[in-house]
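Listing of entry_33.tsv; format and content: TSV, C-alpha atoms and all ligand atoms.
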chain	number	residue	atom	x	y	z
A	1	MET	CA	-8.53	-18.84	-11.08
A	2	ILE	CA	-5.70	-17.31	-9.11
A	3	LEU	CA	-3.44	-15.10	-11.15
A	4	VAL	CA	-0.08	-14.50	-9.51
A	5	ALA	CA	1.33	-11.62	-11.47
A	6	GLU	CA	4.80	-10.23	-11.25
A	7	GLY	CA	6.05	-7.34	-9.22
A	8	ILE	CA	9.38	-5.69	-9.81
A	9	ARG	CA	11.96	-8.40	-9.20
A	10	PRO	CA	15.37	-7.35	-7.84
A	11	GLY	CA	18.66	-8.33	-9.53
A	12	ALA	CA	20.60	-11.31	-8.14
A	13	LYS	CA	22.93	-9.12	-6.01
A	14	GLN	CA	20.04	-7.12	-4.56
A	15	LEU	CA	18.03	-10.32	-3.96
A	16	THR	CA	20.96	-11.88	-2.08
A	17	LYS	CA	21.26	-8.76	0.10
A	18	GLU	CA	17.50	-8.70	0.76
A	19	ILE	CA	17.45	-12.38	1.71
A	20	THR	CA	20.46	-11.90	4.00
A	21	ASP	CA	18.78	-8.92	5.67
A	22	PHE	CA	15.53	-10.84	5.93
A	23	VAL	CA	17.07	-13.91	7.56
A	24	GLY	CA	19.24	-11.56	9.64
A	25	GLY	CA	21.35	-12.11	12.73
A	26	GLU	CA	18.40	-13.05	14.92
A	27	ALA	CA	16.96	-15.52	12.44
A	28	VAL	CA	14.43	-18.07	13.47
A	29	LYS	CA	14.18	-21.38	11.65
A	30	PRO	CA	10.64	-21.07	10.24
A	31	PHE	CA	11.80	-18.23	8.00
A	32	LEU	CA	13.58	-20.85	5.93
A	33	LEU	CA	10.28	-22.35	4.85
A	34	LEU	CA	9.07	-18.96	3.73
A	35	LEU	CA	12.34	-18.41	1.89
A	36	VAL	CA	12.17	-21.72	0.03
A	37	LEU	CA	8.62	-20.92	-1.01
A	38	ALA	CA	9.65	-17.41	-1.92
A	39	VAL	CA	12.25	-18.80	-4.31
A	40	VAL	CA	9.52	-20.99	-5.81
A	41	GLY	CA	7.38	-17.85	-6.01
A	42	CYS	CA	10.11	-15.98	-7.89
A	43	ALA	CA	10.70	-18.89	-10.22
A	44	SER	CA	7.03	-19.33	-11.02
A	45	THR	CA	6.28	-15.77	-12.06
A	46	GLN	CA	6.81	-14.10	-15.39
A	47	SER	CA	9.57	-11.63	-16.24
A	48	PRO	CA	9.07	-8.23	-14.69
A	49	ARG	CA	8.08	-5.23	-16.69
A	50	VAL	CA	10.41	-2.54	-15.39
A	51	ALA	CA	9.12	1.03	-15.61
A	52	ASP	CA	10.27	2.47	-18.92
A	53	SER	CA	12.40	5.53	-18.16
A	54	SER	CA	11.88	6.81	-21.72
A	55	ALA	CA	8.14	6.77	-21.24
A	56	ARG	CA	7.77	10.58	-21.10
A	57	GLY	CA	4.51	11.47	-22.82
A	58	ARG	CA	3.19	7.90	-22.90
A	59	TRP	CA	0.19	8.90	-20.77
A	60	ALA	CA	-0.42	12.22	-22.56
A	61	GLY	CA	-4.13	12.95	-22.82
A	62	LYS	CA	-5.06	10.14	-20.40
A	63	THR	CA	-6.66	10.84	-17.03
A	64	VAL	CA	-5.66	9.08	-13.82
A	65	VAL	CA	-7.49	9.58	-10.50
A	66	ILE	CA	-5.39	8.73	-7.42
A	67	THR	CA	-6.70	8.71	-3.85
A	68	GLY	CA	-4.16	9.11	-1.06
A	69	ALA	CA	-1.97	11.21	-3.36
A	70	SER	CA	-0.56	13.48	-0.61
A	71	SER	CA	2.20	11.10	0.61
A	72	GLY	CA	3.76	7.68	0.20
A	73	ILE	CA	2.88	5.39	-2.69
A	74	GLY	CA	0.07	7.63	-4.00
A	75	ARG	CA	2.34	10.66	-4.11
A	76	GLY	CA	5.05	8.68	-5.91
A	77	ALA	CA	2.58	7.30	-8.46
A	78	ALA	CA	1.06	10.76	-9.07
A	79	VAL	CA	4.46	12.26	-9.88
A	80	GLU	CA	5.38	9.32	-12.15
A	81	PHE	CA	2.09	9.57	-14.09
A	82	GLY	CA	2.78	13.32	-14.35
A	83	ARG	CA	6.24	12.60	-15.75
A	84	GLN	CA	4.57	10.45	-18.39
A	85	GLY	CA	2.28	13.34	-19.37
A	86	ALA	CA	-1.02	12.28	-17.74
A	87	ASN	CA	-3.84	14.41	-16.40
A	88	VAL	CA	-3.54	13.50	-12.72
A	89	VAL	CA	-6.48	14.02	-10.36
A	90	LEU	CA	-5.06	14.21	-6.84
A	91	ALA	CA	-7.30	13.27	-3.90
A	92	ALA	CA	-6.60	13.21	-0.14
A	93	ARG	CA	-7.37	15.36	2.92
A	94	ARG	CA	-4.15	17.45	3.16
A	95	THR	CA	-4.85	20.08	0.50
A	96	ASN	CA	-1.54	21.86	1.13
A	97	LEU	CA	0.39	18.69	0.24
A	98	LEU	CA	-1.81	17.97	-2.78
A	99	GLU	CA	-0.93	21.47	-4.06
A	100	GLU	CA	2.75	20.61	-3.56
A	101	VAL	CA	2.32	17.34	-5.52
A	102	ALA	CA	0.40	19.27	-8.21
A	103	GLY	CA	3.46	21.53	-8.61
A	104	GLU	CA	5.67	18.44	-9.09
A	105	VAL	CA	3.25	16.92	-11.62
A	106	ARG	CA	3.12	20.20	-13.56
A	107	ALA	CA	6.90	20.61	-13.50
A	108	ARG	CA	7.27	17.15	-15.09
A	109	GLY	CA	4.83	17.81	-17.91
A	110	GLY	CA	1.55	16.47	-16.47
A	111	THR	CA	-1.69	18.33	-15.82
A	112	PRO	CA	-2.85	18.15	-12.18
A	113	LEU	CA	-6.25	18.72	-10.62
A	114	VAL	CA	-6.49	18.92	-6.82
A	115	ILE	CA	-9.72	17.74	-5.18
A	116	THR	CA	-9.71	17.66	-1.38
A	117	THR	CA	-11.39	14.36	-0.52
A	118	ASP	CA	-12.19	12.24	2.51
A	119	VAL	CA	-12.64	8.79	0.96
A	120	SER	CA	-14.84	7.65	3.85
A	121	LYS	CA	-17.55	10.05	2.59
A	122	ALA	CA	-19.53	8.75	-0.39
A	123	GLY	CA	-20.42	12.34	-1.32
A	124	ASP	CA	-16.74	13.33	-1.53
A	125	ILE	CA	-16.04	10.43	-3.92
A	126	GLU	CA	-19.00	11.39	-6.09
A	127	ARG	CA	-17.69	14.97	-6.22
A	128	LEU	CA	-14.21	13.68	-7.09
A	129	ALA	CA	-15.49	11.64	-10.05
A	130	GLN	CA	-17.65	14.50	-11.31
A	131	ALA	CA	-14.80	17.02	-11.05
A	132	ALA	CA	-12.44	14.69	-12.98
A	133	VAL	CA	-14.95	14.14	-15.81
A	134	ARG	CA	-15.94	17.82	-15.92
A	135	ARG	CA	-12.29	18.89	-16.27
A	136	PHE	CA	-10.86	16.11	-18.50
A	137	GLY	CA	-13.90	14.51	-20.19
A	138	ARG	CA	-13.23	10.93	-19.04
A	139	ILE	CA	-11.33	8.79	-16.50
A	140	ASP	CA	-8.92	6.20	-17.92
A	141	VAL	CA	-7.51	4.87	-14.65
A	142	TRP	CA	-8.86	5.10	-11.09
A	143	ILE	CA	-6.51	4.12	-8.27
A	144	ASN	CA	-8.00	3.53	-4.80
A	145	ASN	CA	-4.81	3.87	-2.78
A	146	ALA	CA	-5.81	5.84	0.37
A	147	GLY	CA	-5.50	3.66	3.45
A	148	LEU	CA	-4.43	3.66	7.09
A	149	GLY	CA	-3.71	1.09	9.81
A	150	VAL	CA	-4.49	0.27	13.43
A	151	VAL	CA	-1.64	-1.66	15.09
A	152	GLY	CA	-1.69	-3.52	18.42
A	153	PRO	CA	-3.65	-6.13	20.39
A	154	PHE	CA	-7.17	-6.32	18.93
A	155	TRP	CA	-8.80	-5.83	22.36
A	156	ASP	CA	-6.81	-2.69	23.24
A	157	ALA	CA	-8.02	-0.35	20.48
A	158	PRO	CA	-11.55	1.09	20.79
A	159	VAL	CA	-14.17	-0.15	18.33
A	160	ALA	CA	-14.57	3.45	17.12
A	161	ASP	CA	-11.07	3.18	15.61
A	162	TYR	CA	-11.99	-0.04	13.81
A	163	SER	CA	-15.18	1.51	12.53
A	164	ARG	CA	-13.22	4.47	11.17
A	165	LEU	CA	-10.58	2.16	9.64
A	166	ILE	CA	-13.28	0.18	7.80
A	167	ASP	CA	-14.83	3.46	6.62
A	168	ILE	CA	-11.52	4.50	5.03
A	169	ASN	CA	-9.88	1.24	3.91
A	170	LEU	CA	-12.93	-0.72	2.80
A	171	LYS	CA	-15.93	1.58	2.36
A	172	GLY	CA	-13.64	4.15	0.69
A	173	VAL	CA	-12.56	1.50	-1.83
A	174	VAL	CA	-16.17	0.40	-2.41
A	175	TYR	CA	-17.24	4.01	-3.06
A	176	GLY	CA	-14.26	4.64	-5.35
A	177	SER	CA	-14.73	1.37	-7.27
A	178	HIS	CA	-18.45	2.08	-7.70
A	179	ALA	CA	-17.84	5.57	-9.08
A	180	ALA	CA	-15.05	4.31	-11.36
A	181	VAL	CA	-16.89	1.29	-12.81
A	182	ARG	CA	-20.04	3.30	-13.48
A	183	GLN	CA	-17.95	5.89	-15.32
A	184	PHE	CA	-16.07	3.14	-17.24
A	185	ARG	CA	-19.38	1.61	-18.33
A	186	ALA	CA	-20.68	5.00	-19.47
A	187	GLN	CA	-17.53	5.82	-21.48
A	188	GLY	CA	-16.81	2.29	-22.78
A	189	GLY	CA	-13.81	1.21	-20.68
A	190	GLY	CA	-11.15	1.95	-18.10
A	191	THR	CA	-8.86	0.40	-15.50
A	192	LEU	CA	-9.50	0.19	-11.77
A	193	VAL	CA	-6.47	-0.38	-9.54
A	194	ASN	CA	-7.15	-1.11	-5.88
A	195	VAL	CA	-4.29	-1.15	-3.38
A	196	GLY	CA	-4.55	-4.15	-1.09
A	197	SER	CA	-1.59	-5.71	0.69
A	198	VAL	CA	0.11	-9.05	1.21
A	199	VAL	CA	-2.23	-9.22	4.25
A	200	SER	CA	-5.14	-9.40	1.78
A	201	GLU	CA	-4.05	-13.05	1.56
A	202	VAL	CA	-2.03	-13.67	4.76
A	203	PRO	CA	-3.81	-12.24	7.82
A	204	MET	CA	-1.43	-10.76	10.37
A	205	ALA	CA	-1.58	-10.75	14.18
A	206	TYR	CA	-1.78	-7.28	15.76
A	207	TYR	CA	-3.13	-5.99	12.43
A	208	ALA	CA	-6.45	-7.89	12.68
A	209	CYS	CA	-8.86	-5.21	11.47
A	210	TYR	CA	-6.35	-3.91	8.89
A	211	SER	CA	-6.01	-7.48	7.55
A	212	ALA	CA	-9.81	-7.76	7.39
A	213	THR	CA	-10.13	-4.55	5.37
A	214	LYS	CA	-7.40	-5.58	2.93
A	215	ALA	CA	-8.90	-9.09	2.52
A	216	GLY	CA	-12.15	-7.25	1.77
A	217	VAL	CA	-10.47	-5.27	-1.01
A	218	LEU	CA	-9.18	-8.47	-2.66
A	219	SER	CA	-12.55	-10.16	-2.31
A	220	LEU	CA	-14.35	-7.15	-3.77
A	221	ASP	CA	-12.04	-7.17	-6.79
A	222	ARG	CA	-12.39	-10.92	-7.38
A	223	ALA	CA	-16.20	-10.71	-7.29
A	224	LEU	CA	-16.18	-7.62	-9.48
A	225	ASN	CA	-14.00	-9.37	-12.08
A	226	GLU	CA	-16.53	-12.21	-12.18
A	227	GLU	CA	-19.42	-9.78	-12.69
A	228	LEU	CA	-17.52	-8.13	-15.52
A	229	ARG	CA	-16.91	-11.55	-17.12
A	230	LEU	CA	-20.57	-12.56	-16.81
A	231	ASN	CA	-21.58	-9.30	-18.48
A	232	ARG	CA	-18.91	-9.58	-21.21
A	233	LEU	CA	-17.21	-6.43	-20.03
A	234	THR	CA	-13.71	-7.79	-19.30
A	235	GLY	CA	-12.44	-6.71	-22.72
A	236	ASN	CA	-12.83	-3.04	-21.82
A	237	ILE	CA	-12.94	-2.83	-18.03
A	238	LYS	CA	-9.99	-4.14	-16.04
A	239	VAL	CA	-9.79	-4.54	-12.26
A	240	ALA	CA	-6.43	-5.13	-10.56
A	241	THR	CA	-5.47	-5.65	-6.91
A	242	ILE	CA	-1.97	-4.50	-5.90
A	243	MET	CA	-0.47	-6.48	-3.02
A	244	PRO	CA	2.77	-5.05	-1.64
A	245	TRP	CA	4.90	-6.36	1.22
A	246	ALA	CA	5.61	-3.81	3.99
A	247	VAL	CA	6.93	-0.58	2.45
A	248	ASP	CA	9.00	2.31	3.79
A	249	THR	CA	6.42	5.10	3.49
A	250	PRO	CA	4.84	7.44	6.08
A	251	TRP	CA	2.17	4.72	6.65
A	252	TRP	CA	3.92	3.77	9.90
A	253	LYS	CA	3.64	7.35	11.22
A	254	HIS	CA	0.01	7.66	10.13
A	255	ALA	CA	-1.20	4.37	11.67
A	256	ALA	CA	-3.08	4.33	14.97
A	257	ASN	CA	-0.87	2.45	17.41
A	258	TYR	CA	-1.90	0.63	20.59
A	259	SER	CA	1.04	-1.80	20.66
A	260	GLY	CA	3.10	0.16	23.20
A	261	HIS	CA	6.00	0.11	20.73
A	262	THR	CA	7.13	2.00	17.66
A	263	PRO	CA	5.63	0.42	14.53
A	264	ARG	CA	8.09	-1.89	12.76
A	265	MET	CA	8.22	-4.70	10.25
A	266	LEU	CA	10.85	-6.97	8.79
A	267	ALA	CA	12.70	-6.02	5.59
A	268	LEU	CA	10.70	-3.02	4.36
A	269	ASP	CA	10.60	-2.51	0.61
A	270	ASP	CA	11.45	0.73	-1.15
A	271	PRO	CA	8.29	2.62	-2.21
A	272	SER	CA	9.62	2.97	-5.78
A	273	LYS	CA	8.96	-0.77	-6.22
A	274	VAL	CA	5.25	-0.28	-5.56
A	275	VAL	CA	5.03	2.95	-7.53
A	276	ASN	CA	6.54	1.23	-10.60
A	277	ALA	CA	4.22	-1.75	-10.20
A	278	ILE	CA	1.15	0.52	-10.04
A	279	VAL	CA	2.15	2.47	-13.15
A	280	ASN	CA	2.92	-0.79	-15.01
A	281	THR	CA	-0.36	-2.35	-13.90
A	282	ALA	CA	-2.32	0.70	-15.09
A	283	GLU	CA	-0.80	0.12	-18.53
A	284	HIS	CA	-0.78	-3.71	-18.53
A	285	PRO	CA	-3.47	-4.76	-16.04
A	286	SER	CA	-3.25	-8.15	-14.26
A	287	LYS	CA	-5.89	-9.25	-11.79
A	288	GLU	CA	-3.59	-9.78	-8.79
A	289	VAL	CA	-0.20	-8.16	-8.60
A	290	LEU	CA	2.12	-9.37	-5.84
A	291	ILE	CA	5.01	-7.01	-5.49
A	292	GLY	CA	8.44	-8.55	-4.97
A	293	TRP	CA	9.68	-11.92	-3.81
A	294	LYS	CA	8.59	-11.52	-0.15
A	295	ALA	CA	4.94	-10.87	-1.05
A	296	GLN	CA	5.01	-13.60	-3.73
A	297	GLY	CA	6.62	-16.09	-1.33
A	298	ALA	CA	4.20	-15.33	1.51
A	299	TYR	CA	1.22	-15.58	-0.85
A	300	ILE	CA	2.26	-18.92	-2.33
A	301	SER	CA	3.26	-20.25	1.09
A	302	HIS	CA	-0.22	-19.35	2.40
A	303	ARG	CA	-1.96	-21.08	-0.52
A	304	ILE	CA	0.02	-24.26	0.16
A	305	ALA	CA	0.23	-24.26	3.97
A	306	PRO	CA	-2.04	-21.61	5.51
A	307	ASP	CA	-1.64	-22.62	9.17
A	308	ILE	CA	2.14	-22.68	9.26
A	309	THR	CA	2.37	-19.48	7.19
A	310	GLU	CA	0.06	-17.66	9.62
A	311	THR	CA	2.10	-18.98	12.56
A	312	ILE	CA	5.34	-17.76	10.98
A	313	SER	CA	3.82	-14.39	10.13
A	314	GLY	CA	2.40	-14.04	13.67
A	315	ASN	CA	5.79	-14.90	15.19
A	316	ILE	CA	7.50	-12.31	12.99
A	317	VAL	CA	5.11	-9.56	14.14
A	318	GLN	CA	5.37	-10.66	17.79
A	319	ARG	CA	9.15	-10.38	17.65
A	320	GLU	CA	9.46	-7.28	15.46
A	321	GLN	CA	6.54	-5.21	16.71
A	322	MET	CA	5.80	-6.33	20.26
A	323	GLU	CA	9.32	-7.15	21.51
A	324	LYS	CA	11.93	-5.23	19.53
A	325	GLY	CA	10.27	-1.84	19.07
A	326	ALA	CA	11.15	1.05	21.41
A	327	SER	CA	8.39	2.21	23.76
A	328	ALA	CA	5.80	4.45	22.13
A	329	PRO	CA	2.65	6.16	23.46
A	330	VAL	CA	-0.84	5.34	22.22
A	331	THR	CA	-1.86	7.36	19.17
A	332	THR	CA	-4.80	7.46	16.77
A	333	GLY	CA	-2.36	8.59	14.05
A	334	SER	CA	-4.20	10.28	11.19
A	335	LEU	CA	-7.33	8.17	11.49
A	336	TYR	CA	-9.66	11.00	12.49
A	337	ARG	CA	-7.70	14.05	11.38
A	338	PRO	CA	-4.79	14.25	8.96
A	339	ILE	CA	-1.40	15.03	10.50
A	340	GLN	CA	1.29	17.04	8.75
A	341	ALA	CA	4.10	14.61	9.63
A	342	GLY	CA	4.83	12.04	6.91
A	343	ARG	CA	4.73	14.25	3.83
A	344	PHE	CA	7.02	12.54	1.36
A	345	VAL	CA	7.07	9.33	-0.66
A	346	GLU	CA	9.59	7.67	1.60
A	347	GLY	CA	8.92	7.39	5.32
A	348	GLY	CA	12.47	7.08	6.72
A	349	GLN	CA	11.28	4.01	8.65
A	350	ARG	CA	14.24	1.81	7.68
A	351	GLU	CA	16.67	4.40	9.09
A	352	GLU	CA	14.63	4.74	12.29
A	353	MET	CA	14.56	0.97	12.78
A	354	LYS	CA	18.32	0.78	12.21
A	355	ARG	CA	18.86	3.47	14.86
A	356	GLU	CA	16.56	1.61	17.27
A	357	ASP	CA	18.43	-1.66	16.66
A	358	GLN	CA	21.80	0.00	17.34
A	359	GLN	CA	20.42	1.56	20.51
A	360	ARG	CA	19.09	-1.78	21.72
A	361	ARG	CA	22.45	-3.48	21.17
A	362	LEU	CA	24.33	-0.91	23.30
A	363	PRO	CA	25.54	-2.44	26.59
A	364	ALA	CA	23.41	-1.50	29.58
A	365	PRO	CA	25.01	1.33	31.66
A	366	PRO	CA	26.99	0.06	34.68
A	367	GLU	CA	25.03	0.03	37.89
A	368	GLY	CA	25.86	3.11	40.00
A	369	PRO	CA	26.15	3.20	43.80
A	370	GLY	CA	22.58	4.48	44.02
A	371	SER	CA	21.10	1.71	41.91
A	372	GLN	CA	19.43	-1.25	43.51
A	401	LIG	N1	3.42	1.13	3.68
A	401	LIG	C1	3.16	-0.16	3.73
A	401	LIG	O1	3.86	-0.94	4.41
A	401	LIG	C2	2.02	-0.73	2.93
A	401	LIG	C3	2.02	-2.09	2.63
A	401	LIG	C4	0.96	-2.64	1.91
A	401	LIG	C5	-0.08	-1.81	1.51
A	401	LIG	N2	-0.05	-0.48	1.82
A	401	LIG	C6	-1.19	0.35	1.41
A	401	LIG	O2	-0.72	1.33	0.50
A	401	LIG	C7	-1.63	2.45	0.52
A	401	LIG	C8	-0.85	3.75	0.58
A	401	LIG	O3	-0.21	3.83	1.85
A	401	LIG	P1	1.25	4.42	2.01
A	401	LIG	O4	2.11	3.30	2.42
A	401	LIG	O5	1.63	5.22	0.84
A	401	LIG	O6	1.07	5.33	3.33
A	401	LIG	P2	0.77	6.91	3.52
A	401	LIG	O7	1.92	7.73	3.11
A	401	LIG	O8	0.28	7.05	4.92
A	401	LIG	O9	-0.41	7.20	2.50
A	401	LIG	C9	-1.76	7.11	2.84
A	401	LIG	C10	-2.52	8.12	2.01
A	401	LIG	O10	-3.91	7.96	2.28
A	401	LIG	C11	-4.46	9.24	2.53
A	401	LIG	N3	-5.62	9.13	3.39
A	401	LIG	C12	-5.70	8.61	4.64
A	401	LIG	N4	-6.95	8.70	5.11
A	401	LIG	C13	-7.68	9.30	4.14
A	401	LIG	C14	-9.04	9.68	4.02
A	401	LIG	N5	-9.93	9.47	5.01
A	401	LIG	N6	-9.44	10.27	2.87
A	401	LIG	C15	-8.55	10.51	1.87
A	401	LIG	N7	-7.27	10.16	1.91
A	401	LIG	C16	-6.84	9.56	3.05
A	401	LIG	C17	-3.33	10.04	3.17
A	401	LIG	O11	-3.49	11.43	2.96
A	401	LIG	P3	-4.19	12.49	3.95
A	401	LIG	O12	-3.73	12.20	5.34
A	401	LIG	O13	-3.71	13.79	3.39
A	401	LIG	O14	-5.66	12.30	3.76
A	401	LIG	C18	-2.15	9.55	2.35
A	401	LIG	O15	-2.05	10.29	1.17
A	401	LIG	C19	-2.57	2.20	1.70
A	401	LIG	O16	-3.77	1.65	1.25
A	401	LIG	C20	-1.81	1.17	2.53
A	401	LIG	O17	-2.65	0.40	3.35
A	401	LIG	C21	0.98	0.09	2.50
How would this structure read if it were set down as structure tokens?
Amino acid sequence: MILVAEGIRPGAKQLTKEITDFVGGEAVKPFLLLLVLAVVGCASTQSPRVADSSARGRWAGKTVVITGASSGIGRGAAVEFGRQGANVVLAARRTNLLEEVAGEVRARGGTPLVITTDVSKAGDIERLAQAAVRRFGRIDVWINNAGLGVVGPFWDAPVADYSRLIDINLKGVVYGSHAAVRQFRAQGGGTLVNVGSVVSEVPMAYYACYSATKAGVLSLDRALNEELRLNRLTGNIKVATIMPWAVDTPWWKHAANYSGHTPRMLALDDPSKVVNAIVNTAEHPSKEVLIGWKAQGAYISHRIAPDITETISGNIVQREQMEKGASAPVTTGSLYRPIQAGRFVEGGQREEMKREDQQRRLPAPPEGPGSQ
């Protein structure tokens, strides 16, 4: 059974603004289909559970492991769990940033533990689980959030990049899920939250291998939920897949990019939306959590009309990524080695895209006498 759970739904005013931005000045007709289905998506989901701002202390004494906690969504979630009093085990490669996040967690009343981890290494994940249990006695929630992207024509990136991407985005999630579920079985319960994407359901052109890894995450979670049911473990062990739309985090700076253009996407969401959804899901787990009306609309649209939805999605990426973006050199981003750029929760991508759009609309300089 497909469970379409709620994300954080915007108010009517905000929704109107988001739809206007989404349709935009350079709208193309097929968006309308997506929009109609998005409205159906909004209407068909339950009321949102908005993060409770009075929740200080709610997670006191509980232990949450978060991979990819040095920036973006993982960093935001770590600080929020800290604010709610949790023991927060912070995992990623950039130890200096994890220490910074640990300071924020501590300042808000949580108890941090920093474990430098490369999720592509099974041994690192094993060490992470052991360190969490040694320090806090158990693991209540494990969030596999670390993930990167490779953007551009499939044939232009080397296979080594795809191999590395699969190691991080898929094998990393398998290793993390394995460690978490074994620990949950040993201690009698727990919640696993795996961060997929809307592309777990709707594959996206120029993100082929990324889409494959995120589809793998969703498939892993669905199969795992079945195994738990067959073994009568669903009462105590919960597995949730988080599926956000594109989000304004440092992800865009960290992605390997072979597209020839700066990475861009239509109507980026604020990271707080995803952070709130993760914290809510950890407390009230649903199997599949689609965050916001764009992800819900795209998901439902793809279930009803997969071909046309993939065509629309491909056309959006062609226009946004391959035609509108300013020129950019090839980069492997932080695939092989972490980079210090992109340290915060928010990535500043929406501002950069706005600047690029303004630049593109400027009239071309008049042709001088020397020009041909
Ligand atoms: N932003 C979006 O548009 C979007 C949309 C849907 C889903 N998502 C997913 O959301 C998750 C979080 O991404 P984000 O948007 O918050 O971007 P982000 O800021 O780039 O976060 C990625 C995190 O993963 C960590 N990481 C990368 N490779 C790692 C490795 N080998 N071992 C351990 N940690 C590693 C990074 O830290 P270090 O570099 O310090 O290791 C960083 O903390 C990812 O799974 C992403 O695919 C993002």
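If you measure from each of A:Ser327, A:Ser163, A:Thr95, A:Thr241 to Ile291 (chain A) using all atoms listed in the file, the closest one turns out to be A:Thr241.
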Give me the residues within 8 Å of Leu113 (chain A) as a PyMOL selection string, counting all atoms listed in the file and dropping any in the same chain fewer than 3 places off.
chain A and resi 87-90+102+132
Do you know which residues are within 6 Å of ligand LIG 401 (chain A) using all atoms listed in the file? Can you write them as a tab-separated table (two decimals) with C-alpha atoms, keeping the file's coordinate frame?
chain	number	residue	atom	x	y	z
A	67	THR	CA	-6.70	8.71	-3.85
A	68	GLY	CA	-4.16	9.11	-1.06
A	69	ALA	CA	-1.97	11.21	-3.36
A	70	SER	CA	-0.56	13.48	-0.61
A	71	SER	CA	2.20	11.10	0.61
A	72	GLY	CA	3.76	7.68	0.20
A	73	ILE	CA	2.88	5.39	-2.69
A	74	GLY	CA	0.07	7.63	-4.00
A	92	ALA	CA	-6.60	13.21	-0.14
A	93	ARG	CA	-7.37	15.36	2.92
A	94	ARG	CA	-4.15	17.45	3.16
A	117	THR	CA	-11.39	14.36	-0.52
A	118	ASP	CA	-12.19	12.24	2.51
A	119	VAL	CA	-12.64	8.79	0.96
A	120	SER	CA	-14.84	7.65	3.85
A	145	ASN	CA	-4.81	3.87	-2.78
A	146	ALA	CA	-5.81	5.84	0.37
A	147	GLY	CA	-5.50	3.66	3.45
A	148	LEU	CA	-4.43	3.66	7.09
A	168	ILE	CA	-11.52	4.50	5.03
A	195	VAL	CA	-4.29	-1.15	-3.38
A	196	GLY	CA	-4.55	-4.15	-1.09
A	197	SER	CA	-1.59	-5.71	0.69
A	244	PRO	CA	2.77	-5.05	-1.64
A	245	TRP	CA	4.90	-6.36	1.22
A	246	ALA	CA	5.61	-3.81	3.99
A	247	VAL	CA	6.93	-0.58	2.45
A	248	ASP	CA	9.00	2.31	3.79
A	249	THR	CA	6.42	5.10	3.49
A	250	PRO	CA	4.84	7.44	6.08
A	251	TRP	CA	2.17	4.72	6.65
A	254	HIS	CA	0.01	7.66	10.13
A	338	PRO	CA	-4.79	14.25	8.96
Restricting the calculation to all atoms listed in the file: of A:Ile139, A:Leu228, A:Val151, A:Val274, which residue gets closest to Lys62 (chain A)?
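So, comparing all the options, the nearest one is A:Ile139.
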Which residues are close to Ala180 (chain A), i.e. within 12 Å by only C-alpha atoms, leaving aside same-chain residues fewer than 6 positions away? Reply as an MDAnalysis selection string.
chainID A and resid 64:66 125:126 128:130 132:133 138:144 173:174 186:194 237:239
